[in-house]
Structures are given as C-alpha cells and as structure tokens.
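Novice: File coords-v2.tsv below, TSV, C-alpha atoms:
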chain	number	residue	atom	x	y	z
P	7	MET	CA	197.72	65.35	60.99
P	8	ALA	CA	196.08	62.17	62.24
P	9	GLU	CA	196.30	61.12	65.86
P	10	LEU	CA	196.86	57.50	66.81
P	11	VAL	CA	194.26	56.68	69.46
P	12	PRO	CA	194.52	53.49	71.51
P	13	PHE	CA	191.23	51.73	72.18
P	14	ALA	CA	191.68	51.56	75.94
P	15	VAL	CA	189.56	52.96	78.73
P	16	PRO	CA	190.41	56.68	78.91
P	17	THR	CA	191.54	57.36	82.48
P	18	GLU	CA	193.17	60.76	82.07
P	19	SER	CA	191.05	63.72	83.20
P	20	ASP	CA	191.92	65.73	80.08
P	21	LYS	CA	189.72	63.35	78.07
P	22	THR	CA	186.63	63.86	80.24
P	23	LEU	CA	184.09	66.67	79.93
P	24	LEU	CA	181.55	67.70	82.54
P	25	VAL	CA	178.40	69.23	81.06
P	26	TRP	CA	175.96	70.86	83.46
P	27	ALA	CA	172.78	72.96	83.61
P	28	LEU	CA	171.06	70.73	81.05
P	29	SER	CA	167.32	71.15	80.57
P	30	PRO	CA	164.92	69.04	82.67
P	31	GLY	CA	162.57	68.75	79.65
P	32	PRO	CA	163.77	65.60	77.86
P	33	THR	CA	164.21	62.20	79.48
P	34	ALA	CA	167.70	61.11	80.52
P	35	GLU	CA	167.74	58.59	77.66
P	36	ALA	CA	166.76	61.20	75.04
P	37	LEU	CA	169.33	63.61	76.43
P	38	GLN	CA	172.04	60.94	76.31
P	39	LEU	CA	171.30	60.26	72.64
P	40	SER	CA	171.32	63.99	71.83
P	41	LEU	CA	174.62	64.54	73.62
P	42	PHE	CA	176.16	61.54	71.87
P	43	THR	CA	175.05	62.92	68.50
P	44	VAL	CA	176.38	66.42	69.21
P	45	PHE	CA	179.71	65.49	70.81
P	46	SER	CA	180.58	62.64	68.43
P	47	ARG	CA	181.10	65.35	65.78
P	48	PHE	CA	184.31	66.24	67.61
P	49	GLY	CA	185.74	62.74	67.77
P	50	LEU	CA	185.38	59.17	68.93
P	51	LEU	CA	183.52	58.89	72.24
P	52	TYR	CA	184.12	56.28	74.90
P	53	SER	CA	180.98	57.05	76.89
P	54	VAL	CA	178.17	59.50	77.56
P	55	ARG	CA	176.56	59.29	81.00
P	56	VAL	CA	173.65	61.48	82.11
P	57	PHE	CA	172.75	62.10	85.75
P	58	PRO	CA	169.78	63.92	87.30
P	59	ASN	CA	170.68	66.93	89.43
P	60	ALA	CA	170.64	66.47	93.21
P	61	ALA	CA	167.36	67.18	94.98
P	62	VAL	CA	168.78	70.39	96.48
P	63	ALA	CA	169.74	71.76	93.05
P	64	SER	CA	167.49	73.11	90.33
P	65	PRO	CA	165.75	70.47	88.17
P	66	GLY	CA	167.74	69.22	85.22
P	67	PHE	CA	170.67	67.04	84.35
P	68	SER	CA	174.45	66.91	84.18
P	69	ALA	CA	176.55	64.64	81.99
P	70	ILE	CA	180.03	63.17	81.85
P	71	ILE	CA	181.40	62.64	78.37
P	72	LYS	CA	184.62	60.69	77.81
P	73	PHE	CA	186.65	60.92	74.64
P	74	TYR	CA	189.45	58.64	73.55
P	75	SER	CA	191.51	61.72	72.59
P	76	ALA	CA	192.42	64.70	74.78
P	77	GLY	CA	192.67	66.93	71.71
P	78	GLU	CA	189.12	66.11	70.66
P	79	ALA	CA	187.86	66.75	74.20
P	80	GLN	CA	189.51	70.17	74.18
P	81	LYS	CA	188.01	71.01	70.80
P	82	ALA	CA	184.55	69.97	72.03
P	83	GLN	CA	184.95	72.18	75.09
P	84	LYS	CA	185.89	75.23	73.01
P	85	ASP	CA	183.20	74.76	70.36
P	86	SER	CA	180.23	73.79	72.55
P	87	SER	CA	178.66	77.13	73.37
P	88	PRO	CA	176.04	77.81	74.70
P	89	VAL	CA	176.30	74.52	76.62
P	90	LYS	CA	178.25	74.72	79.89
P	91	VAL	CA	181.22	72.40	79.38
P	92	GLU	CA	184.41	72.01	81.41
P	93	ILE	CA	187.28	69.53	81.18
P	94	TRP	CA	187.01	67.60	84.39
Represent the structure contained in this file as structure tokens.
Specialist:
Amino acid sequence: MAELVPFAVPTESDKTLLVWALSPGPTAEALQLSLFTVFSRFGLLYSVRVFPNAAVASPGFSAIIKFYSAGEAQKAQKDSSPVKVEIW
C-alpha cells in the first residue's frame, strides 16, 4: 500500500535516525554522499547531515538522517546492520 507523504519539513522524532561510530577514513562530504546513497534505498530523504565526533571521543563521524516517512525511517533502522542506527 502506498503512503501519502507531505513535502513539509519532518519535525517528528520518529522520522529521524542517528547514525554513529562511522569511520574516520573518508571525508565528511564523501561520507554524506555514501549515506545518502545507502539510506535513499529505504525512501525519500529530507536531509543527511554528517558531524565529526567531539575531540574527547574516538575519531570518526556521526550523522543525522531525516526521512519524510516514519515507516521508511523504521525500515532503514531495522535493515541497516552493521551500521549503528537508532531512531532519535
């Protein structure tokens, strides 16, 4: 069954994924493109934002990925192993 998705800024937390413990190897821009490519398989994305870890944490990145649909965000969370993903 198709889901009607409004093209409005997703503000509900059930549409937002937090991805952490990402490799420090690629640049933030390359990682953002890779995450967009991987997570867009699950549905329409509103945004993919990549952040470097804090200086007190291990080197690497975290990301916040926003979907237009809560159902697609949940599917991405379940099917994204071995990446550490949590609905935020």
Novice: Which one is closest to Pro32 of chain P: P:Phe13, P:Phe73, P:Phe45, P:Phe67? Count all atoms listed in the file.
Specialist: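 Using all atoms listed in the file, the shortest distance to Pro32 of chain P belongs to P:Phe67.
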Novice: What's the separation between atom CA of Lys21 of chain P and atom CA of Leu50 of chain P, in Å to one decimal place?
Specialist: 10.9 Å
Novice: As an exercise, work out the distance from atom CA of Phe57 of chain P to atom CA of Ile71 of chain P in Å and give it to one decimal place.
Specialist: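 Answer for the atom CA of Phe57 of chain P to atom CA of Ile71 of chain P separation: 11.4 Å.
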Novice: Which residues, written as an mmCIF file with C-alpha atoms, in the frame of the given file, have at least one atom at most 6 Å from Glu78 of chain P, with all atoms listed in the file counted and residues fewer than 3 positions away on the same chain left out?
Specialist:
data_model
loop_
_atom_site.group_PDB
_atom_site.id
_atom_site.type_symbol
_atom_site.label_atom_id
_atom_site.label_comp_id
_atom_site.auth_asym_id
_atom_site.auth_seq_id
_atom_site.Cartn_x
_atom_site.Cartn_y
_atom_site.Cartn_z
ATOM 1 C CA PHE P 48 184.310 66.240 67.610
ATOM 2 C CA GLY P 49 185.740 62.740 67.770
ATOM 3 C CA SER P 75 191.510 61.720 72.590
ATOM 4 C CA LYS P 81 188.010 71.010 70.800
#
Novice: So, with all atoms listed in the file as the atoms that count, which of P:Gly77, P:Leu23, P:Glu18, P:Val91 lies closest to Arg55 of chain P?
Specialist: P:Leu23
Novice: Just how far from atom CA of Leu37 of chain P is atom CA of Val56 of chain P, in Å to one decimal?
Specialist: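 Rounded to one decimal, the two atoms are 7.4 Å apart.
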Novice: Return the padded bounding box of segment 64-80 of chain P as JSON: axis-aligned, built from all atoms listed in the file, 4 Å added on each side, with centre and edge lengths in Å to one decimal.
Specialist:
{"center_x": 179.2, "center_y": 65.9, "center_z": 80.5, "size_x": 34.9, "size_y": 22.5, "size_z": 27.7}
Novice: Using all atoms listed in the file for the distances, tell me which of P:Ser86, P:Gln80, P:Thr22, P:Ser40 is nearest to Ser53 of chain P.
Specialist: P:Thr22
